[in-house]
Amino acid sequence: MKIITIQDVTRELHNAFNLLNNEFFNGELPMPAITIQSSGHKRNSMGWCTIRPVWGNKTGSQKMYEINLSAEFLDLDFFETMDTLLHEMVHLYHLIKGIKDTSRNGTYHNKHFKQKVLEIGFEYEEEKPHPIHGWTYARIGQKAKDRISKLKINKDVFVISRKGSVYFKALNEGISPDEAQSVITTTRESSQRKKSSYKWICPECELIIRSTKKEVNVVCGDCNVKFEKEMDNV
């Protein structure tokens, strides 16, 4: 049995990004920093794309957005992973085009998002937006899956994910993998802590401040514009 490493997964995510970029975005997307991190305070978020470049070199001559795929969900299903990657690539597409595809601090996916994912080949079960998250709940349709299946993406590497000691302890006690996954999900949700601070950025000079309040109304004294909460697209 071949041991799959995180390096294998990361390498294949970069390969998938390049192939999907050419297939669905005419190669227009810049290469982001593709990371694998825990969903953490985002609870069951399967991925995110930062709203501005957050990686780069010391001189600033190289800047990259970040697309993250949550470590807990990488082994669910190959098309689930591609669904998440494409979802975040749509956000990246709109960011470089200067198109706002979310509102309400990044939680509500608007009609710009809907239009692009439909163009790619996503489908909606209901023809109405979710009251909180808008048009976020699109799923890859069969035609899009057929296009992805023809790309040279190694599906076999997407078989590991971040489980943790709770999961493996459950397995050692004779619980089935599915039941063990249920245990870790319950444990994760019960241990979530309230976020203690929030990051705010001036959209003009990019000055950063932090607050313990979830909502504030603060104006930058130099630019005379309101600070915006730092939110990731999800």
# chains A, B, ... in the order shown; residues from 1 in each chain; ligands from 1

$ closest_atom_pairs --of "segment 117-157 of chain A" --to "segment 1-24 of chain A" --cutoff "8 Å" --atoms "only C-alpha atoms" --output "JSON lines"
{"residue": "A:Ile120", "atom": "CA", "partner": "A:Phe24", "partner_atom": "CA", "distance": 6.3}
{"residue": "A:Ile148", "atom": "CA", "partner": "A:Leu20", "partner_atom": "CA", "distance": 7.6}
{"residue": "A:Leu151", "atom": "CA", "partner": "A:Leu19", "partner_atom": "CA", "distance": 6.8}
{"residue": "A:Lys152", "atom": "CA", "partner": "A:Leu19", "partner_atom": "CA", "distance": 7.9}
{"residue": "A:Ile153", "atom": "CA", "partner": "A:Ala16", "partner_atom": "CA", "distance": 5.9}
{"residue": "A:Asn154", "atom": "CA", "partner": "A:Glu12", "partner_atom": "CA", "distance": 6.9}
{"residue": "A:Val157", "atom": "CA", "partner": "A:Val9", "partner_atom": "CA", "distance": 5.8}

$ residues_around --residues "segment 135-142 of chain A" --least-positions-apart "2" --cutoff "8 Å" --atoms "only C-alpha atoms" --output "list in words"
Phe79, Asp83, Tyr108, His109, Asn110, Lys111, Phe113, Lys114, Val117, Gly121, Phe122, Glu123, Tyr124, Glu125, Lys128, Pro129, His130, His133, Ala144, Lys145 and Asp146 of chain A

$ select_by_dssp --residues "segment 89-216 of chain A" --states "helix (DSSP H, G or I)" --output "ChimeraX atom specification"
/A:89-97,111-120,142-149,155-157,165-172,177-190

$ select_by_dssp --residues "segment 73-216 of chain A" --states "strand (DSSP E)" --output "ChimeraX atom specification"
/A:102-103,108-109,122-123,139-140,198-201,208-211

$ write_last_selection --atoms "C-alpha atoms" --output "mmCIF file, in the first residue's frame"
data_model
loop_
_atom_site.group_PDB
_atom_site.id
_atom_site.type_symbol
_atom_site.label_atom_id
_atom_site.label_comp_id
_atom_site.auth_asym_id
_atom_site.auth_seq_id
_atom_site.Cartn_x
_atom_site.Cartn_y
_atom_site.Cartn_z
ATOM 1 C CA THR A 102 -20.531 38.380 -1.978
ATOM 2 C CA SER A 103 -22.014 40.783 0.538
ATOM 3 C CA TYR A 108 -24.038 36.093 1.127
ATOM 4 C CA HIS A 109 -23.182 34.849 -2.386
ATOM 5 C CA PHE A 122 -22.765 23.795 -11.355
ATOM 6 C CA GLU A 123 -26.409 23.159 -10.517
ATOM 7 C CA ARG A 139 -23.080 21.505 -6.756
ATOM 8 C CA ILE A 140 -21.038 20.272 -9.692
ATOM 9 C CA TYR A 198 -11.725 40.760 14.932
ATOM 10 C CA LYS A 199 -9.420 42.278 12.344
ATOM 11 C CA TRP A 200 -10.361 45.455 10.469
ATOM 12 C CA ILE A 201 -8.549 46.997 7.476
ATOM 13 C CA ILE A 208 -4.998 47.267 10.455
ATOM 14 C CA ILE A 209 -6.824 47.525 13.777
ATOM 15 C CA ARG A 210 -8.412 44.883 15.999
ATOM 16 C CA SER A 211 -11.485 44.886 18.191
#

$ atom_distance --atom1 "atom CA of Glu72 of chain A" --atom2 "atom CA of Arg162 of chain A"
4.7 Å

$ residues_around --residues "Gly98 of chain A" --least-positions-apart "4" --cutoff "12 Å" --atoms "only C-alpha atoms" --output "list of chain:residue names"
A:Ile51, A:Arg52, A:His91, A:Leu92, A:Tyr93, A:His94, A:Thr102, A:His112

$ write_last_selection --atoms "N, CA and C atoms" --output "PDB file, in the first residue's frame"
ATOM      1  N   ILE A  51      -9.612  37.599   0.441  1.00  0.00           N
ATOM      2  CA  ILE A  51     -10.156  38.677  -0.388  1.00  0.00           C
ATOM      3  C   ILE A  51      -9.070  39.608  -0.914  1.00  0.00           C
ATOM      4  N   ARG A  52      -7.840  39.403  -0.492  1.00  0.00           N
ATOM      5  CA  ARG A  52      -6.708  40.171  -1.029  1.00  0.00           C
ATOM      6  C   ARG A  52      -5.458  39.301  -0.938  1.00  0.00           C
ATOM      7  N   HIS A  91     -14.444  32.618  -6.768  1.00  0.00           N
ATOM      8  CA  HIS A  91     -14.186  33.818  -5.968  1.00  0.00           C
ATOM      9  C   HIS A  91     -12.922  34.535  -6.459  1.00  0.00           C
ATOM     10  N   LEU A  92     -11.874  33.770  -6.727  1.00  0.00           N
ATOM     11  CA  LEU A  92     -10.620  34.358  -7.207  1.00  0.00           C
ATOM     12  C   LEU A  92     -10.824  35.043  -8.548  1.00  0.00           C
ATOM     13  N   TYR A  93     -11.594  34.426  -9.424  1.00  0.00           N
ATOM     14  CA  TYR A  93     -11.898  35.011 -10.735  1.00  0.00           C
ATOM     15  C   TYR A  93     -12.556  36.386 -10.567  1.00  0.00           C
ATOM     16  N   HIS A  94     -13.534  36.463  -9.707  1.00  0.00           N
ATOM     17  CA  HIS A  94     -14.227  37.733  -9.493  1.00  0.00           C
ATOM     18  C   HIS A  94     -13.326  38.760  -8.821  1.00  0.00           C
ATOM     19  N   THR A 102     -19.936  38.628  -3.285  1.00  0.00           N
ATOM     20  CA  THR A 102     -20.531  38.380  -1.978  1.00  0.00           C
ATOM     21  C   THR A 102     -20.849  39.707  -1.295  1.00  0.00           C
ATOM     22  N   HIS A 112     -23.820  37.435  -9.142  1.00  0.00           N
ATOM     23  CA  HIS A 112     -22.585  37.313  -9.922  1.00  0.00           C
ATOM     24  C   HIS A 112     -21.954  35.938  -9.696  1.00  0.00           C
TER      25      HIS A 112
END

$ residues_around --residues "segment 214-223 of chain A" --least-positions-apart "6" --cutoff "8 Å" --atoms "only C-alpha atoms" --output "PyMOL selection string"
chain A and resi 197-198+202+204-205

$ write_last_selection --atoms "N, CA and C atoms" --output "PDB file, in the first residue's frame"
ATOM      1  N   SER A 197     -11.257  38.155  18.981  1.00  0.00           N
ATOM      2  CA  SER A 197     -10.937  39.444  18.382  1.00  0.00           C
ATOM      3  C   SER A 197     -11.219  39.429  16.886  1.00  0.00           C
ATOM      4  N   TYR A 198     -11.404  40.616  16.347  1.00  0.00           N
ATOM      5  CA  TYR A 198     -11.725  40.760  14.932  1.00  0.00           C
ATOM      6  C   TYR A 198     -10.761  41.753  14.299  1.00  0.00           C
ATOM      7  N   CYS A 202      -8.323  49.279   6.732  1.00  0.00           N
ATOM      8  CA  CYS A 202      -8.721  50.451   5.948  1.00  0.00           C
ATOM      9  C   CYS A 202      -8.568  50.097   4.472  1.00  0.00           C
ATOM     10  N   GLU A 204      -8.246  51.873   1.960  1.00  0.00           N
ATOM     11  CA  GLU A 204      -7.381  52.792   1.215  1.00  0.00           C
ATOM     12  C   GLU A 204      -5.904  52.587   1.555  1.00  0.00           C
ATOM     13  N   CYS A 205      -5.552  52.752   2.829  1.00  0.00           N
ATOM     14  CA  CYS A 205      -4.134  52.664   3.217  1.00  0.00           C
ATOM     15  C   CYS A 205      -3.764  51.311   3.814  1.00  0.00           C
TER      16      CYS A 205
END

$ decode --residues "segment 20-32 of chain A" --atoms "all heavy atoms" --output "PDB file, in the first residue's frame"
ATOM      1  N   LEU A  20      -7.864  22.984 -14.118  1.00  0.00           N
ATOM      2  CA  LEU A  20      -9.188  23.597 -14.021  1.00  0.00           C
ATOM      3  C   LEU A  20      -9.162  25.044 -14.506  1.00  0.00           C
ATOM      4  O   LEU A  20     -10.122  25.526 -15.115  1.00  0.00           O
ATOM      5  CB  LEU A  20      -9.689  23.539 -12.576  1.00  0.00           C
ATOM      6  CG  LEU A  20      -9.940  22.145 -11.992  1.00  0.00           C
ATOM      7  CD1 LEU A  20     -10.261  22.242 -10.508  1.00  0.00           C
ATOM      8  CD2 LEU A  20     -11.064  21.423 -12.739  1.00  0.00           C
ATOM      9  N   ASN A  21      -8.075  25.731 -14.252  1.00  0.00           N
ATOM     10  CA  ASN A  21      -7.908  27.108 -14.723  1.00  0.00           C
ATOM     11  C   ASN A  21      -7.999  27.170 -16.239  1.00  0.00           C
ATOM     12  O   ASN A  21      -8.703  28.010 -16.812  1.00  0.00           O
ATOM     13  CB  ASN A  21      -6.560  27.644 -14.233  1.00  0.00           C
ATOM     14  CG  ASN A  21      -6.385  29.134 -14.494  1.00  0.00           C
ATOM     15  OD1 ASN A  21      -7.336  29.859 -14.799  1.00  0.00           O
ATOM     16  ND2 ASN A  21      -5.163  29.593 -14.366  1.00  0.00           N
ATOM     17  N   ASN A  22      -7.304  26.265 -16.892  1.00  0.00           N
ATOM     18  CA  ASN A  22      -7.332  26.238 -18.360  1.00  0.00           C
ATOM     19  C   ASN A  22      -8.675  25.761 -18.900  1.00  0.00           C
ATOM     20  O   ASN A  22      -9.157  26.260 -19.922  1.00  0.00           O
ATOM     21  CB  ASN A  22      -6.208  25.330 -18.886  1.00  0.00           C
ATOM     22  CG  ASN A  22      -4.830  25.918 -18.659  1.00  0.00           C
ATOM     23  OD1 ASN A  22      -4.655  27.134 -18.695  1.00  0.00           O
ATOM     24  ND2 ASN A  22      -3.848  25.065 -18.410  1.00  0.00           N
ATOM     25  N   GLU A  23      -9.294  24.815 -18.204  1.00  0.00           N
ATOM     26  CA  GLU A  23     -10.542  24.216 -18.679  1.00  0.00           C
ATOM     27  C   GLU A  23     -11.740  25.146 -18.504  1.00  0.00           C
ATOM     28  O   GLU A  23     -12.601  25.237 -19.383  1.00  0.00           O
ATOM     29  CB  GLU A  23     -10.803  22.908 -17.929  1.00  0.00           C
ATOM     30  CG  GLU A  23     -12.062  22.167 -18.353  1.00  0.00           C
ATOM     31  CD  GLU A  23     -11.955  21.537 -19.730  1.00  0.00           C
ATOM     32  OE1 GLU A  23     -10.809  21.338 -20.213  1.00  0.00           O
ATOM     33  OE2 GLU A  23     -13.019  21.237 -20.336  1.00  0.00           O
ATOM     34  N   PHE A  24     -11.798  25.854 -17.369  1.00  0.00           N
ATOM     35  CA  PHE A  24     -13.001  26.629 -17.041  1.00  0.00           C
ATOM     36  C   PHE A  24     -12.806  28.150 -17.004  1.00  0.00           C
ATOM     37  O   PHE A  24     -13.777  28.898 -17.041  1.00  0.00           O
ATOM     38  CB  PHE A  24     -13.549  26.187 -15.680  1.00  0.00           C
ATOM     39  CG  PHE A  24     -14.037  24.760 -15.642  1.00  0.00           C
ATOM     40  CD1 PHE A  24     -13.259  23.755 -15.091  1.00  0.00           C
ATOM     41  CD2 PHE A  24     -15.271  24.425 -16.179  1.00  0.00           C
ATOM     42  CE1 PHE A  24     -13.706  22.443 -15.051  1.00  0.00           C
ATOM     43  CE2 PHE A  24     -15.734  23.117 -16.145  1.00  0.00           C
ATOM     44  CZ  PHE A  24     -14.950  22.113 -15.581  1.00  0.00           C
ATOM     45  N   PHE A  25     -11.546  28.608 -16.944  1.00  0.00           N
ATOM     46  CA  PHE A  25     -11.301  30.048 -16.803  1.00  0.00           C
ATOM     47  C   PHE A  25     -10.351  30.595 -17.869  1.00  0.00           C
ATOM     48  O   PHE A  25      -9.808  31.692 -17.713  1.00  0.00           O
ATOM     49  CB  PHE A  25     -10.735  30.343 -15.409  1.00  0.00           C
ATOM     50  CG  PHE A  25     -11.636  29.938 -14.274  1.00  0.00           C
ATOM     51  CD1 PHE A  25     -11.504  28.692 -13.681  1.00  0.00           C
ATOM     52  CD2 PHE A  25     -12.632  30.792 -13.806  1.00  0.00           C
ATOM     53  CE1 PHE A  25     -12.330  28.301 -12.642  1.00  0.00           C
ATOM     54  CE2 PHE A  25     -13.468  30.410 -12.769  1.00  0.00           C
ATOM     55  CZ  PHE A  25     -13.316  29.161 -12.185  1.00  0.00           C
ATOM     56  N   ASN A  26     -10.143  29.822 -18.942  1.00  0.00           N
ATOM     57  CA  ASN A  26      -9.264  30.250 -20.034  1.00  0.00           C
ATOM     58  C   ASN A  26      -7.865  30.613 -19.549  1.00  0.00           C
ATOM     59  O   ASN A  26      -7.176  31.457 -20.147  1.00  0.00           O
ATOM     60  CB  ASN A  26      -9.868  31.450 -20.775  1.00  0.00           C
ATOM     61  CG  ASN A  26     -11.182  31.129 -21.443  1.00  0.00           C
ATOM     62  OD1 ASN A  26     -11.329  30.077 -22.086  1.00  0.00           O
ATOM     63  ND2 ASN A  26     -12.167  32.005 -21.283  1.00  0.00           N
ATOM     64  N   GLY A  27      -7.432  29.989 -18.467  1.00  0.00           N
ATOM     65  CA  GLY A  27      -6.083  30.226 -17.958  1.00  0.00           C
ATOM     66  C   GLY A  27      -5.865  31.614 -17.388  1.00  0.00           C
ATOM     67  O   GLY A  27      -4.722  32.048 -17.222  1.00  0.00           O
ATOM     68  N   GLU A  28      -6.935  32.327 -17.037  1.00  0.00           N
ATOM     69  CA  GLU A  28      -6.827  33.719 -16.600  1.00  0.00           C
ATOM     70  C   GLU A  28      -6.439  33.881 -15.140  1.00  0.00           C
ATOM     71  O   GLU A  28      -6.010  34.969 -14.730  1.00  0.00           O
ATOM     72  CB  GLU A  28      -8.151  34.451 -16.845  1.00  0.00           C
ATOM     73  CG  GLU A  28      -8.554  34.583 -18.291  1.00  0.00           C
ATOM     74  CD  GLU A  28      -9.843  35.355 -18.456  1.00  0.00           C
ATOM     75  OE1 GLU A  28      -9.915  36.487 -17.937  1.00  0.00           O
ATOM     76  OE2 GLU A  28     -10.792  34.817 -19.072  1.00  0.00           O
ATOM     77  N   LEU A  29      -6.598  32.855 -14.323  1.00  0.00           N
ATOM     78  CA  LEU A  29      -6.379  33.011 -12.894  1.00  0.00           C
ATOM     79  C   LEU A  29      -4.896  32.964 -12.535  1.00  0.00           C
ATOM     80  O   LEU A  29      -4.159  32.112 -13.043  1.00  0.00           O
ATOM     81  CB  LEU A  29      -7.104  31.917 -12.110  1.00  0.00           C
ATOM     82  CG  LEU A  29      -8.612  31.807 -12.308  1.00  0.00           C
ATOM     83  CD1 LEU A  29      -9.170  30.750 -11.373  1.00  0.00           C
ATOM     84  CD2 LEU A  29      -9.298  33.134 -12.083  1.00  0.00           C
ATOM     85  N   PRO A  30      -4.442  33.861 -11.662  1.00  0.00           N
ATOM     86  CA  PRO A  30      -3.064  33.790 -11.177  1.00  0.00           C
ATOM     87  C   PRO A  30      -2.932  32.638 -10.194  1.00  0.00           C
ATOM     88  O   PRO A  30      -3.890  32.289  -9.503  1.00  0.00           O
ATOM     89  CB  PRO A  30      -2.869  35.139 -10.476  1.00  0.00           C
ATOM     90  CG  PRO A  30      -4.245  35.492  -9.990  1.00  0.00           C
ATOM     91  CD  PRO A  30      -5.195  34.984 -11.057  1.00  0.00           C
ATOM     92  N   MET A  31      -1.752  32.044 -10.136  1.00  0.00           N
ATOM     93  CA  MET A  31      -1.544  30.949  -9.188  1.00  0.00           C
ATOM     94  C   MET A  31      -1.583  31.485  -7.763  1.00  0.00           C
ATOM     95  O   MET A  31      -0.827  32.381  -7.413  1.00  0.00           O
ATOM     96  CB  MET A  31      -0.191  30.268  -9.440  1.00  0.00           C
ATOM     97  CG  MET A  31       0.157  29.195  -8.421  1.00  0.00           C
ATOM     98  SD  MET A  31      -1.066  27.839  -8.310  1.00  0.00           S
ATOM     99  CE  MET A  31      -0.733  26.979  -9.854  1.00  0.00           C
ATOM    100  N   PRO A  32      -2.479  30.961  -6.934  1.00  0.00           N
ATOM    101  CA  PRO A  32      -2.524  31.376  -5.527  1.00  0.00           C
ATOM    102  C   PRO A  32      -1.607  30.489  -4.686  1.00  0.00           C
ATOM    103  O   PRO A  32      -1.047  29.502  -5.173  1.00  0.00           O
ATOM    104  CB  PRO A  32      -3.989  31.134  -5.163  1.00  0.00           C
ATOM    105  CG  PRO A  32      -4.336  29.913  -5.963  1.00  0.00           C
ATOM    106  CD  PRO A  32      -3.560  30.016  -7.261  1.00  0.00           C
TER     107      PRO A  32
END
